[in-house]
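Pasting coords-v9.txt here (compact mmCIF, C-alpha atoms):
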# COMPACT_ATOMS: atom_id res chain seq x y z
CA MET A 1 31.43 -3.99 -39.10
CA THR A 2 28.17 -4.55 -37.32
CA ARG A 3 27.87 -6.26 -34.01
CA ALA A 4 24.96 -8.39 -32.97
CA GLN A 5 22.93 -6.44 -30.45
CA THR A 6 23.01 -7.88 -26.99
CA PRO A 7 19.42 -8.75 -26.16
CA LYS A 8 18.12 -6.53 -23.40
CA PRO A 9 17.97 -8.68 -20.29
CA GLN A 10 14.37 -9.23 -19.26
CA PRO A 11 14.49 -10.61 -15.76
CA GLU A 12 11.41 -12.37 -14.56
CA ALA A 13 9.70 -10.69 -11.65
CA PRO A 14 11.42 -11.98 -8.49
CA ARG A 15 9.68 -14.66 -6.54
CA ARG A 16 7.32 -13.36 -3.88
CA ARG A 17 5.33 -14.70 -0.98
CA GLY A 18 1.57 -14.38 -1.34
CA LEU A 19 -0.55 -12.34 1.04
CA MET A 20 -3.92 -12.73 2.70
CA LEU A 21 -6.28 -9.94 1.70
CA ILE A 22 -9.03 -9.73 4.28
CA LEU A 23 -12.16 -7.71 3.55
CA SER A 24 -14.69 -6.95 6.23
CA SER A 25 -17.75 -4.74 6.18
CA PRO A 26 -21.32 -4.70 7.38
CA SER A 27 -23.76 -6.52 5.15
CA GLY A 28 -24.84 -4.19 2.33
CA ALA A 29 -21.65 -2.10 2.14
CA GLY A 30 -20.63 -3.66 -1.19
CA LYS A 31 -18.14 -6.28 -0.05
CA SER A 32 -19.53 -9.18 -2.11
CA THR A 33 -19.51 -7.15 -5.33
CA LEU A 34 -15.95 -6.00 -4.70
CA THR A 35 -14.81 -9.51 -3.82
CA ARG A 36 -16.31 -10.93 -7.02
CA ALA A 37 -14.76 -8.24 -9.21
CA LEU A 38 -11.34 -8.68 -7.63
CA LYS A 39 -11.50 -12.44 -8.10
CA GLU A 40 -12.47 -12.07 -11.76
CA ASP A 41 -9.56 -9.70 -12.44
CA ASN A 42 -7.09 -12.02 -10.71
CA ARG A 43 -8.07 -15.51 -11.82
CA GLN A 44 -4.59 -16.94 -11.57
CA ASP A 45 -3.05 -15.35 -8.54
CA LEU A 46 -5.91 -14.68 -6.15
CA LEU A 47 -7.68 -17.58 -4.47
CA LEU A 48 -10.89 -17.39 -2.54
CA SER A 49 -10.50 -19.04 0.84
CA ILE A 50 -12.98 -21.91 1.27
CA SER A 51 -14.19 -22.52 4.81
CA VAL A 52 -15.03 -25.84 6.37
CA THR A 53 -18.39 -26.08 8.13
CA THR A 54 -20.39 -28.60 10.10
CA ARG A 55 -23.76 -27.27 9.01
CA GLU A 56 -25.85 -29.12 6.49
CA LYS A 57 -25.32 -28.44 2.80
CA ARG A 58 -28.12 -26.48 1.15
CA PRO A 59 -29.36 -27.78 -2.22
CA SER A 60 -27.89 -24.77 -4.03
CA GLU A 61 -24.42 -25.28 -2.53
CA VAL A 62 -21.53 -27.26 -3.97
CA ASN A 63 -19.08 -29.05 -1.70
CA ASN A 64 -15.53 -27.60 -1.90
CA VAL A 65 -16.87 -24.54 -3.73
CA HIS A 66 -19.11 -22.74 -1.26
CA TYR A 67 -17.85 -24.67 1.73
CA THR A 68 -16.16 -27.94 2.50
CA PHE A 69 -18.79 -29.80 4.49
CA ILE A 70 -17.36 -31.93 7.29
CA SER A 71 -18.57 -33.73 10.40
CA GLU A 72 -18.44 -32.20 13.83
CA ALA A 73 -15.91 -34.88 14.87
CA ASP A 74 -13.57 -33.96 11.99
CA PHE A 75 -14.00 -30.28 12.79
CA GLY A 76 -13.00 -30.93 16.40
CA VAL A 77 -9.88 -32.80 15.30
CA MET A 78 -8.80 -30.02 12.94
CA ARG A 79 -9.42 -27.35 15.54
CA ASP A 80 -7.60 -29.21 18.30
CA ARG A 81 -4.58 -29.83 16.05
CA GLY A 82 -4.34 -26.11 15.29
CA GLU A 83 -5.19 -26.71 11.64
CA LEU A 84 -7.72 -23.87 11.53
CA ILE A 85 -6.42 -20.31 11.46
CA GLU A 86 -9.81 -19.05 12.59
CA TRP A 87 -13.07 -20.65 13.62
CA ALA A 88 -16.41 -19.70 15.10
CA GLU A 89 -19.65 -21.23 16.26
CA VAL A 90 -22.80 -19.67 14.83
CA HIS A 91 -26.25 -20.95 15.82
CA GLY A 92 -24.78 -24.29 16.88
CA ASN A 93 -22.82 -24.83 13.66
CA PHE A 94 -19.06 -24.58 13.36
CA TYR A 95 -17.18 -22.73 10.66
CA GLY A 96 -13.43 -22.52 10.18
CA THR A 97 -10.60 -21.78 7.77
CA PRO A 98 -8.02 -24.53 7.20
CA LEU A 99 -4.43 -23.38 7.32
CA LYS A 100 -2.78 -25.94 5.02
CA PRO A 101 -4.14 -24.82 1.59
CA ILE A 102 -3.50 -21.20 2.55
CA GLU A 103 0.08 -21.84 3.56
CA ALA A 104 0.61 -23.70 0.25
CA ALA A 105 -0.83 -20.79 -1.74
CA LEU A 106 1.26 -18.17 0.07
CA ALA A 107 4.44 -20.19 -0.43
CA ALA A 108 3.63 -20.45 -4.16
CA GLY A 109 3.23 -16.67 -4.46
CA GLN A 110 -0.55 -16.73 -4.68
CA ASP A 111 -2.74 -14.38 -2.70
CA VAL A 112 -5.79 -15.51 -0.77
CA LEU A 113 -8.92 -13.41 -0.46
CA PHE A 114 -11.06 -13.55 2.69
CA ASP A 115 -14.54 -12.21 3.13
CA ILE A 116 -14.94 -12.51 6.90
CA ASP A 117 -16.05 -10.57 9.96
CA TYR A 118 -13.94 -8.79 12.55
CA GLN A 119 -13.76 -11.80 14.84
CA GLY A 120 -12.26 -14.06 12.18
CA THR A 121 -9.97 -11.23 11.10
CA ARG A 122 -8.65 -10.84 14.59
CA GLN A 123 -7.78 -14.53 14.88
CA ILE A 124 -5.94 -14.59 11.55
CA VAL A 125 -4.02 -11.40 12.30
CA GLN A 126 -2.95 -12.74 15.68
CA ARG A 127 -1.54 -15.83 14.05
CA MET A 128 -0.07 -14.55 10.77
CA ARG A 129 0.36 -10.78 11.04
CA ALA A 130 3.11 -10.42 8.43
CA ASP A 131 1.01 -12.16 5.77
CA THR A 132 -2.20 -10.24 6.31
CA VAL A 133 -3.58 -7.07 4.73
CA THR A 134 -6.87 -6.03 6.30
CA VAL A 135 -9.39 -3.72 4.67
CA PHE A 136 -12.59 -2.41 6.19
CA ILE A 137 -15.33 -1.07 3.93
CA LEU A 138 -17.67 1.53 5.39
CA PRO A 139 -21.00 2.62 3.91
CA PRO A 140 -21.26 6.37 3.20
CA SER A 141 -24.20 6.55 5.64
CA MET A 142 -26.53 4.28 7.59
CA ALA A 143 -29.42 5.53 5.43
CA GLU A 144 -27.57 4.36 2.32
CA LEU A 145 -26.79 1.02 3.95
CA LYS A 146 -30.48 0.53 4.68
CA ASN A 147 -31.35 1.54 1.09
CA ARG A 148 -29.03 -1.10 -0.26
CA LEU A 149 -30.45 -3.80 1.98
CA ASP A 150 -33.99 -2.73 0.98
CA ARG A 151 -33.12 -2.77 -2.72
CA ARG A 152 -31.83 -6.33 -2.52
CA ALA A 153 -35.42 -7.21 -1.61
CA GLU A 154 -34.33 -10.61 -0.43
CA ASP A 155 -34.82 -10.17 3.28
CA SER A 156 -37.80 -9.50 5.50
CA ASP A 157 -38.04 -6.23 7.45
CA ALA A 158 -37.13 -8.09 10.63
CA VAL A 159 -33.99 -9.52 9.02
CA ILE A 160 -33.02 -6.11 7.67
CA ALA A 161 -33.47 -4.56 11.11
CA LYS A 162 -31.25 -7.30 12.56
CA ARG A 163 -28.62 -6.72 9.87
CA LEU A 164 -28.58 -3.01 10.70
CA THR A 165 -28.05 -3.73 14.38
CA ASN A 166 -25.21 -6.11 13.52
CA ALA A 167 -23.81 -3.50 11.15
CA ARG A 168 -23.30 -1.10 14.05
CA THR A 169 -21.30 -3.69 15.98
CA GLU A 170 -19.21 -4.52 12.93
CA ILE A 171 -18.62 -0.85 11.99
CA ALA A 172 -17.26 -0.11 15.45
CA ARG A 173 -14.32 -2.46 14.67
CA TRP A 174 -12.96 -0.28 11.83
CA VAL A 175 -10.16 0.62 14.25
CA ASP A 176 -8.64 -2.87 13.91
CA TYR A 177 -7.95 -2.63 10.17
CA ASP A 178 -4.94 -1.55 8.11
CA TYR A 179 -6.99 0.27 5.49
CA VAL A 180 -10.44 1.83 5.60
CA LEU A 181 -12.48 2.62 2.48
CA ILE A 182 -15.75 4.53 2.31
CA ASN A 183 -17.82 2.98 -0.44
CA ASP A 184 -19.81 5.90 -1.79
CA ASN A 185 -18.86 5.01 -5.37
CA LEU A 186 -18.30 1.39 -6.32
CA ASP A 187 -15.87 2.10 -9.20
CA ARG A 188 -13.70 4.32 -7.08
CA THR A 189 -13.74 1.93 -4.15
CA TYR A 190 -12.76 -0.89 -6.49
CA ASP A 191 -9.84 1.15 -7.82
CA GLU A 192 -8.75 1.81 -4.25
CA LEU A 193 -8.90 -1.88 -3.44
CA ARG A 194 -6.84 -2.73 -6.50
CA SER A 195 -4.24 -0.13 -5.53
CA ILE A 196 -3.97 -1.68 -2.09
CA LEU A 197 -3.44 -5.15 -3.54
CA ALA A 198 -0.91 -3.87 -6.10
CA ALA A 199 1.03 -1.92 -3.48
CA GLU A 200 1.08 -4.69 -0.89
CA ARG A 201 2.49 -7.09 -3.48
CA LEU A 202 5.43 -4.70 -3.88
CA LYS A 203 6.37 -4.65 -0.21
CA ARG A 204 10.02 -5.57 0.15
CA GLU A 205 9.34 -8.21 2.76
CA ARG A 206 7.02 -10.13 0.42
CA GLN A 207 9.45 -10.12 -2.50
CA THR A 208 11.38 -13.13 -1.28
CA GLY A 209 13.34 -13.40 -4.54
CA LEU A 210 14.74 -9.86 -4.39
CA GLY A 211 17.88 -10.83 -2.50
CA ALA A 212 18.91 -13.22 -5.27
CA PHE A 213 17.96 -10.64 -7.91
CA VAL A 214 20.16 -7.95 -6.36
CA ASP A 215 23.02 -10.41 -5.84
CA ALA A 216 22.92 -11.22 -9.56
CA LEU A 217 22.73 -7.51 -10.38
CA LEU A 218 25.81 -6.69 -8.31
CA ALA A 219 27.70 -9.70 -9.65
CA GLU A 220 27.35 -8.36 -13.21
CA GLY A 221 30.27 -7.02 -15.21
CA MET B 1 -48.97 11.63 -2.47
CA THR B 2 -45.37 12.08 -3.46
CA ARG B 3 -42.60 12.70 -1.04
CA ALA B 4 -39.57 14.76 -1.77
CA GLN B 5 -36.62 12.45 -2.17
CA THR B 6 -34.07 12.76 0.56
CA PRO B 7 -30.87 13.86 -1.14
CA LYS B 8 -28.26 11.14 -0.96
CA PRO B 9 -25.72 12.25 1.63
CA GLN B 10 -22.36 12.88 0.00
CA PRO B 11 -19.85 13.07 2.79
CA GLU B 12 -16.57 14.72 2.00
CA ALA B 13 -13.57 12.47 2.24
CA PRO B 14 -12.49 12.49 5.90
CA ARG B 15 -9.56 14.62 6.84
CA ARG B 16 -6.21 12.87 6.58
CA ARG B 17 -2.62 13.49 7.58
CA GLY B 18 -0.20 13.78 4.67
CA LEU B 19 2.68 11.40 4.17
CA MET B 20 6.30 11.68 3.08
CA LEU B 21 6.94 9.65 -0.06
CA ILE B 22 10.67 9.01 -0.28
CA LEU B 23 12.16 7.72 -3.53
CA SER B 24 15.73 6.48 -3.72
CA SER B 25 17.61 4.81 -6.54
CA PRO B 26 20.98 4.85 -8.20
CA SER B 27 21.46 7.57 -10.78
CA GLY B 28 19.99 6.39 -14.11
CA ALA B 29 17.32 4.09 -12.70
CA GLY B 30 14.53 6.46 -13.73
CA LYS B 31 13.83 8.24 -10.46
CA SER B 32 13.79 11.79 -11.86
CA THR B 33 11.34 10.89 -14.62
CA LEU B 34 9.06 9.16 -12.13
CA THR B 35 9.28 12.06 -9.67
CA ARG B 36 8.37 14.56 -12.37
CA ALA B 37 5.41 12.52 -13.61
CA LEU B 38 4.09 12.01 -10.09
CA LYS B 39 4.35 15.71 -9.35
CA GLU B 40 2.50 16.64 -12.55
CA ASP B 41 -0.35 14.25 -11.76
CA ASN B 42 -0.66 15.57 -8.19
CA ARG B 43 -0.24 19.32 -8.52
CA GLN B 44 -2.39 20.17 -5.52
CA ASP B 45 -1.67 17.52 -2.96
CA LEU B 46 1.94 16.54 -3.53
CA LEU B 47 4.73 18.95 -2.71
CA LEU B 48 8.33 18.56 -3.69
CA SER B 49 10.56 19.03 -0.69
CA ILE B 50 13.02 21.90 -1.21
CA SER B 51 16.38 21.53 0.48
CA VAL B 52 18.50 24.28 1.97
CA THR B 53 22.12 24.37 0.91
CA THR B 54 25.24 26.38 1.64
CA ARG B 55 26.73 25.86 -1.80
CA GLU B 56 26.79 28.68 -4.33
CA LYS B 57 23.79 29.11 -6.61
CA ARG B 58 24.43 28.12 -10.22
CA PRO B 59 23.19 30.56 -12.90
CA SER B 60 20.49 28.09 -14.01
CA GLU B 61 19.10 27.68 -10.52
CA VAL B 62 16.30 29.63 -8.87
CA ASN B 63 16.31 30.32 -5.15
CA ASN B 64 13.43 28.57 -3.33
CA VAL B 65 12.77 26.43 -6.39
CA HIS B 66 15.81 24.22 -6.83
CA TYR B 67 17.20 24.97 -3.40
CA THR B 68 16.92 27.59 -0.71
CA PHE B 69 20.41 29.06 -0.61
CA ILE B 70 21.56 30.01 2.88
CA SER B 71 24.80 30.89 4.65
CA GLU B 72 26.85 28.37 6.55
CA ALA B 73 26.10 30.25 9.78
CA ASP B 74 22.34 30.00 9.20
CA PHE B 75 22.70 26.34 8.32
CA GLY B 76 24.53 25.71 11.57
CA VAL B 77 21.79 27.42 13.55
CA MET B 78 19.03 25.39 11.86
CA ARG B 79 20.90 22.14 12.35
CA ASP B 80 21.70 22.79 16.01
CA ARG B 81 18.09 23.72 16.77
CA GLY B 82 16.91 20.41 15.27
CA GLU B 83 15.11 22.23 12.48
CA LEU B 84 16.48 19.89 9.80
CA ILE B 85 15.04 16.39 9.54
CA GLU B 86 18.08 15.29 7.58
CA TRP B 87 21.34 16.86 6.51
CA ALA B 88 24.64 15.93 4.91
CA GLU B 89 27.97 17.43 3.95
CA VAL B 90 29.05 16.81 0.34
CA HIS B 91 32.37 18.13 -0.96
CA GLY B 92 32.47 20.75 1.81
CA ASN B 93 28.93 22.02 1.17
CA PHE B 94 25.99 21.42 3.46
CA TYR B 95 22.55 20.26 2.39
CA GLY B 96 19.49 19.77 4.57
CA THR B 97 15.72 19.44 4.68
CA PRO B 98 13.84 21.90 6.93
CA LEU B 99 11.19 20.32 9.10
CA LYS B 100 8.77 23.25 9.48
CA PRO B 101 7.26 23.41 5.95
CA ILE B 102 6.99 19.64 5.90
CA GLU B 103 5.18 19.47 9.21
CA ALA B 104 2.78 22.19 7.97
CA ALA B 105 2.09 20.26 4.76
CA LEU B 106 1.47 16.95 6.56
CA ALA B 107 -0.90 18.61 9.03
CA ALA B 108 -2.82 20.13 6.10
CA GLY B 109 -3.22 16.71 4.47
CA GLN B 110 -0.66 17.31 1.76
CA ASP B 111 1.97 14.75 0.83
CA VAL B 112 5.63 15.61 0.39
CA LEU B 113 7.83 13.94 -2.21
CA PHE B 114 11.53 13.35 -1.53
CA ASP B 115 14.17 12.39 -4.04
CA ILE B 116 17.08 11.55 -1.72
CA ASP B 117 19.69 8.89 -1.05
CA TYR B 118 19.71 6.14 1.54
CA GLN B 119 21.55 8.25 4.12
CA GLY B 120 18.94 11.01 4.07
CA THR B 121 16.18 8.40 4.04
CA ARG B 122 17.56 6.77 7.14
CA GLN B 123 17.63 10.07 9.07
CA ILE B 124 14.03 10.91 8.15
CA VAL B 125 12.73 7.44 8.95
CA GLN B 126 14.46 7.51 12.34
CA ARG B 127 12.72 10.75 13.17
CA MET B 128 9.27 10.38 11.62
CA ARG B 129 8.66 6.68 10.91
CA ALA B 130 4.85 6.81 10.94
CA ASP B 131 4.77 9.55 8.32
CA THR B 132 7.20 7.98 5.86
CA VAL B 133 6.71 5.67 2.91
CA THR B 134 10.01 4.62 1.38
CA VAL B 135 10.43 3.27 -2.15
CA PHE B 136 13.60 1.96 -3.73
CA ILE B 137 13.87 1.76 -7.51
CA LEU B 138 16.21 -0.84 -8.96
CA PRO B 139 17.45 -1.00 -12.55
CA PRO B 140 16.69 -4.28 -14.38
CA SER B 141 20.45 -4.85 -14.82
CA MET B 142 23.74 -3.00 -14.42
CA ALA B 143 24.19 -3.14 -18.20
CA GLU B 144 20.86 -1.32 -18.63
CA LEU B 145 21.85 1.23 -15.98
CA LYS B 146 25.08 1.94 -17.87
CA ASN B 147 23.13 2.21 -21.15
CA ARG B 148 20.87 4.82 -19.64
CA LEU B 149 23.78 6.85 -18.28
CA ASP B 150 25.51 6.61 -21.68
CA ARG B 151 22.37 7.67 -23.55
CA ARG B 152 22.02 10.77 -21.43
CA ALA B 153 25.33 11.80 -23.00
CA GLU B 154 25.75 14.49 -20.40
CA ASP B 155 28.61 12.99 -18.43
CA SER B 156 32.20 12.05 -19.22
CA ASP B 157 33.27 8.39 -19.09
CA ALA B 158 35.03 9.05 -15.80
CA VAL B 159 31.87 10.51 -14.28
CA ILE B 160 29.81 7.58 -15.54
CA ALA B 161 32.27 5.10 -14.05
CA LYS B 162 32.02 6.96 -10.74
CA ARG B 163 28.21 6.89 -10.91
CA LEU B 164 28.27 3.14 -11.49
CA THR B 165 30.49 2.62 -8.45
CA ASN B 166 28.18 4.77 -6.35
CA ALA B 167 25.21 2.87 -7.77
CA ARG B 168 26.52 -0.36 -6.26
CA THR B 169 26.72 1.22 -2.81
CA GLU B 170 23.23 2.68 -3.15
CA ILE B 171 21.69 -0.54 -4.50
CA ALA B 172 22.99 -2.51 -1.53
CA ARG B 173 20.65 -0.42 0.69
CA TRP B 174 17.45 -1.75 -0.93
CA VAL B 175 16.97 -3.72 2.31
CA ASP B 176 16.09 -0.51 4.21
CA TYR B 177 13.00 0.34 2.14
CA ASP B 178 9.29 -0.43 2.50
CA TYR B 179 8.74 -1.06 -1.21
CA VAL B 180 11.10 -2.12 -3.98
CA LEU B 181 10.35 -1.62 -7.69
CA ILE B 182 12.35 -2.97 -10.62
CA ASN B 183 12.15 -0.39 -13.38
CA ASP B 184 12.28 -2.46 -16.55
CA ASN B 185 9.27 -0.65 -17.98
CA LEU B 186 8.69 2.99 -17.11
CA ASP B 187 4.90 2.93 -17.57
CA ARG B 188 4.48 -0.11 -15.38
CA THR B 189 6.82 1.23 -12.73
CA TYR B 190 4.89 4.50 -12.73
CA ASP B 191 1.61 2.62 -12.25
CA GLU B 192 3.17 0.76 -9.35
CA LEU B 193 4.31 4.00 -7.77
CA ARG B 194 0.84 5.49 -8.14
CA SER B 195 -0.69 2.42 -6.52
CA ILE B 196 1.65 2.76 -3.57
CA LEU B 197 0.71 6.43 -3.10
CA ALA B 198 -3.01 5.69 -3.47
CA ALA B 199 -2.86 2.79 -1.01
CA GLU B 200 -0.79 4.58 1.60
CA ARG B 201 -3.27 7.47 1.59
CA LEU B 202 -5.95 4.97 2.60
CA LYS B 203 -4.15 3.66 5.65
CA ARG B 204 -6.40 3.93 8.66
CA GLU B 205 -3.79 5.70 10.75
CA ARG B 206 -3.46 8.51 8.23
CA GLN B 207 -7.21 9.12 7.93
CA THR B 208 -7.39 11.31 10.98
CA GLY B 209 -10.98 12.34 10.25
CA LEU B 210 -12.35 8.78 10.21
CA GLY B 211 -13.19 8.70 13.90
CA ALA B 212 -15.51 11.67 13.51
CA PHE B 213 -16.96 10.19 10.32
CA VAL B 214 -17.83 6.89 12.02
CA ASP B 215 -19.22 8.69 15.07
CA ALA B 216 -21.58 10.62 12.80
CA LEU B 217 -22.49 7.39 10.98
CA LEU B 218 -23.40 5.58 14.18
CA ALA B 219 -25.29 8.60 15.53
CA GLU B 220 -27.62 8.48 12.51
CA GLY B 221 -31.25 7.41 12.70

For the file at hand, write its structure as structure tokens.
Amino acid sequence: MTRAQTPKPQPEAPRRRGLMLILSSPSGAGKSTLTRALKEDNRQDLLLSISVTTREKRPSEVNNVHYTFISEADFGVMRDRGELIEWAEVHGNFYGTPLKPIEAALAAGQDVLFDIDYQGTRQIVQRMRADTVTVFILPPSMAELKNRLDRRAEDSDAVIAKRLTNARTEIARWVDYDYVLINDNLDRTYDELRSILAAERLKRERQTGLGAFVDALLAEG
Amino acid sequence: MTRAQTPKPQPEAPRRRGLMLILSSPSGAGKSTLTRALKEDNRQDLLLSISVTTREKRPSEVNNVHYTFISEADFGVMRDRGELIEWAEVHGNFYGTPLKPIEAALAAGQDVLFDIDYQGTRQIVQRMRADTVTVFILPPSMAELKNRLDRRAEDSDAVIAKRLTNARTEIARWVDYDYVLINDNLDRTYDELRSILAAERLKRERQTGLGAFVDALLAEG
């Protein structure tokens, strides 16, 4: 007599809370390339945070893609209501990150990717420490950083000099970050970044459905 | 006029402090297979912790490989001097993990792999929290756990029943661990484990040579 085989139970992965992956680095250290690659490999479950700004839209920019363009009055209202998890004023324009879409993404188990500087990072970490994973990307050397800025050939010498000065200020904040990568090889650095994302998704505290999973496990048989 | 090209600086990876990777799971959840694979892929920089024990050596066992076999008097001395980071008594025999070789490995930037239960894990975490990374491996179901124990065909039914009872106690301690993996696919679980190890090695606090690296970076040019 043969018995029908019990199908092997294939539990779905337990529900999890999303995380905020924050990348910072001086201009030219490879952050934009890494951000783009990570986004392409995680179309479904990694969102790029879109900032609001009061500055004027450039012709090449698309509203709600590059930024959400809003009035200074609206910005003030959002800021004063605590609806921005970080904001800054740069050359008289305001920039900020709205909390609501991020909170919705995290609750739905989606991760949110941030490409921001150390000042924005600090504000977000202060407000939502448990949800943040912060990664700082260092260049292998200042000479290499300058090479990369030169090779881009999109900035004047004066702008490059300014970027290098800013880079020193930014680099000095590596001490604030959870992880530090030295980008002397883009493929390896990308692998490291993927490992960090994969590992952080497996943290017990983020796997909000694990309690129910284990309860069901122990209730078996 | 041609100029010699400046060789691209290739900094060595900064010095880092090793970590203790602790794996716990009920018997049959795949921990031994995962431990073996991880060790084979990391021959140089991942050591398996070797316990001391007062129980008699079995013919198949090799001293200083499976265990370091010591007398009960010596065990008592080590324990009372605080030279064991965890210890337990099981069926009248004592088992423990000596601190000294582990501390030497961590200082040399080598990681140490532990395959221990939740009670040993708790003792180590209490003593060396910053150096520990704890991972709990869950079976996809109790039925699958029993299947795996049956398939091993090395234990009697009574022993298997006992293992399943113990498994329930062990599983209930998943809440104590940093990471939790559900092993419903050995390859995927192994990838997850490798990601955790790779990511944890990149934590800023473990990269003890980063300060000197950044100092050199900022002193350039």

Using all atoms listed in the file, which chain A residues lie at most 10 Å away from chain B, written as an mmCIF file with C-alpha atoms, in the frame of the given file?
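Result file is result20.cif:
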data_model
loop_
_atom_site.group_PDB
_atom_site.id
_atom_site.type_symbol
_atom_site.label_atom_id
_atom_site.label_comp_id
_atom_site.auth_asym_id
_atom_site.auth_seq_id
_atom_site.Cartn_x
_atom_site.Cartn_y
_atom_site.Cartn_z
ATOM 1 C CA LYS A 8 18.120 -6.530 -23.400
ATOM 2 C CA PRO A 9 17.970 -8.680 -20.290
ATOM 3 C CA GLN A 10 14.370 -9.230 -19.260
ATOM 4 C CA PRO A 11 14.490 -10.610 -15.760
ATOM 5 C CA GLU A 12 11.410 -12.370 -14.560
ATOM 6 C CA ALA A 13 9.700 -10.690 -11.650
ATOM 7 C CA PRO A 14 11.420 -11.980 -8.490
ATOM 8 C CA VAL A 135 -9.390 -3.720 4.670
ATOM 9 C CA PHE A 136 -12.590 -2.410 6.190
ATOM 10 C CA LEU A 138 -17.670 1.530 5.390
ATOM 11 C CA PRO A 139 -21.000 2.620 3.910
ATOM 12 C CA PRO A 140 -21.260 6.370 3.200
ATOM 13 C CA SER A 141 -24.200 6.550 5.640
ATOM 14 C CA MET A 142 -26.530 4.280 7.590
ATOM 15 C CA ALA A 143 -29.420 5.530 5.430
ATOM 16 C CA GLU A 144 -27.570 4.360 2.320
ATOM 17 C CA ALA A 167 -23.810 -3.500 11.150
ATOM 18 C CA ARG A 168 -23.300 -1.100 14.050
ATOM 19 C CA THR A 169 -21.300 -3.690 15.980
ATOM 20 C CA ILE A 171 -18.620 -0.850 11.990
ATOM 21 C CA ALA A 172 -17.260 -0.110 15.450
ATOM 22 C CA TRP A 174 -12.960 -0.280 11.830
ATOM 23 C CA VAL A 175 -10.160 0.620 14.250
ATOM 24 C CA ASP A 176 -8.640 -2.870 13.910
ATOM 25 C CA TYR A 177 -7.950 -2.630 10.170
ATOM 26 C CA ASP A 178 -4.940 -1.550 8.110
ATOM 27 C CA TYR A 179 -6.990 0.270 5.490
ATOM 28 C CA VAL A 180 -10.440 1.830 5.600
ATOM 29 C CA LEU A 181 -12.480 2.620 2.480
ATOM 30 C CA ILE A 182 -15.750 4.530 2.310
ATOM 31 C CA ASP A 184 -19.810 5.900 -1.790
ATOM 32 C CA ASP A 191 -9.840 1.150 -7.820
ATOM 33 C CA GLU A 192 -8.750 1.810 -4.250
ATOM 34 C CA LEU A 193 -8.900 -1.880 -3.440
ATOM 35 C CA ARG A 194 -6.840 -2.730 -6.500
ATOM 36 C CA SER A 195 -4.240 -0.130 -5.530
ATOM 37 C CA ILE A 196 -3.970 -1.680 -2.090
ATOM 38 C CA LEU A 197 -3.440 -5.150 -3.540
ATOM 39 C CA ALA A 198 -0.910 -3.870 -6.100
ATOM 40 C CA ALA A 199 1.030 -1.920 -3.480
ATOM 41 C CA GLU A 200 1.080 -4.690 -0.890
ATOM 42 C CA ARG A 201 2.490 -7.090 -3.480
ATOM 43 C CA LEU A 202 5.430 -4.700 -3.880
ATOM 44 C CA LYS A 203 6.370 -4.650 -0.210
ATOM 45 C CA ARG A 204 10.020 -5.570 0.150
ATOM 46 C CA GLU A 205 9.340 -8.210 2.760
ATOM 47 C CA ARG A 206 7.020 -10.130 0.420
ATOM 48 C CA GLN A 207 9.450 -10.120 -2.500
ATOM 49 C CA LEU A 210 14.740 -9.860 -4.390
ATOM 50 C CA GLY A 211 17.880 -10.830 -2.500
ATOM 51 C CA PHE A 213 17.960 -10.640 -7.910
ATOM 52 C CA VAL A 214 20.160 -7.950 -6.360
ATOM 53 C CA ASP A 215 23.020 -10.410 -5.840
ATOM 54 C CA ALA A 216 22.920 -11.220 -9.560
ATOM 55 C CA LEU A 217 22.730 -7.510 -10.380
ATOM 56 C CA LEU A 218 25.810 -6.690 -8.310
ATOM 57 C CA ALA A 219 27.700 -9.700 -9.650
ATOM 58 C CA GLU A 220 27.350 -8.360 -13.210
ATOM 59 C CA GLY A 221 30.270 -7.020 -15.210
#

Can you pull out the residues contacting region 73-88 of chain A? Cut-off 8 Å, using only C-alpha atoms, and skip same-chain residues under 6 positions away; I want them as a PyMOL selection string.
chain A and resi 52-54+94-100+120-121+123-124+127

Kindly export the residues of the current selection with C-alpha atoms, as a PDB file, keeping the file's coordinate frame.
ATOM      1  CA  VAL A  52     -15.030 -25.840   6.370  1.00  0.00           C
ATOM      2  CA  THR A  53     -18.390 -26.080   8.130  1.00  0.00           C
ATOM      3  CA  THR A  54     -20.390 -28.600  10.100  1.00  0.00           C
ATOM      4  CA  PHE A  94     -19.060 -24.580  13.360  1.00  0.00           C
ATOM      5  CA  TYR A  95     -17.180 -22.730  10.660  1.00  0.00           C
ATOM      6  CA  GLY A  96     -13.430 -22.520  10.180  1.00  0.00           C
ATOM      7  CA  THR A  97     -10.600 -21.780   7.770  1.00  0.00           C
ATOM      8  CA  PRO A  98      -8.020 -24.530   7.200  1.00  0.00           C
ATOM      9  CA  LEU A  99      -4.430 -23.380   7.320  1.00  0.00           C
ATOM     10  CA  LYS A 100      -2.780 -25.940   5.020  1.00  0.00           C
ATOM     11  CA  GLY A 120     -12.260 -14.060  12.180  1.00  0.00           C
ATOM     12  CA  THR A 121      -9.970 -11.230  11.100  1.00  0.00           C
ATOM     13  CA  GLN A 123      -7.780 -14.530  14.880  1.00  0.00           C
ATOM     14  CA  ILE A 124      -5.940 -14.590  11.550  1.00  0.00           C
ATOM     15  CA  ARG A 127      -1.540 -15.830  14.050  1.00  0.00           C
TER      16      ARG A 127
END

Residues within 8 Å of region 47-51 of chain B, please, as a ChimeraX atom specification. Count all atoms listed in the file; anything in the same chain fewer than 2 positions from it doesn't count.
/B:39,43-45,53,64-68,95-98,102,110-114

Residue contacts of Leu106 (chain A) (6 Å, all atoms listed in the file) excluding same-chain residues fewer than 3 positions away, as a PyMOL selection string
chain A and resi 17-18+103+109-110
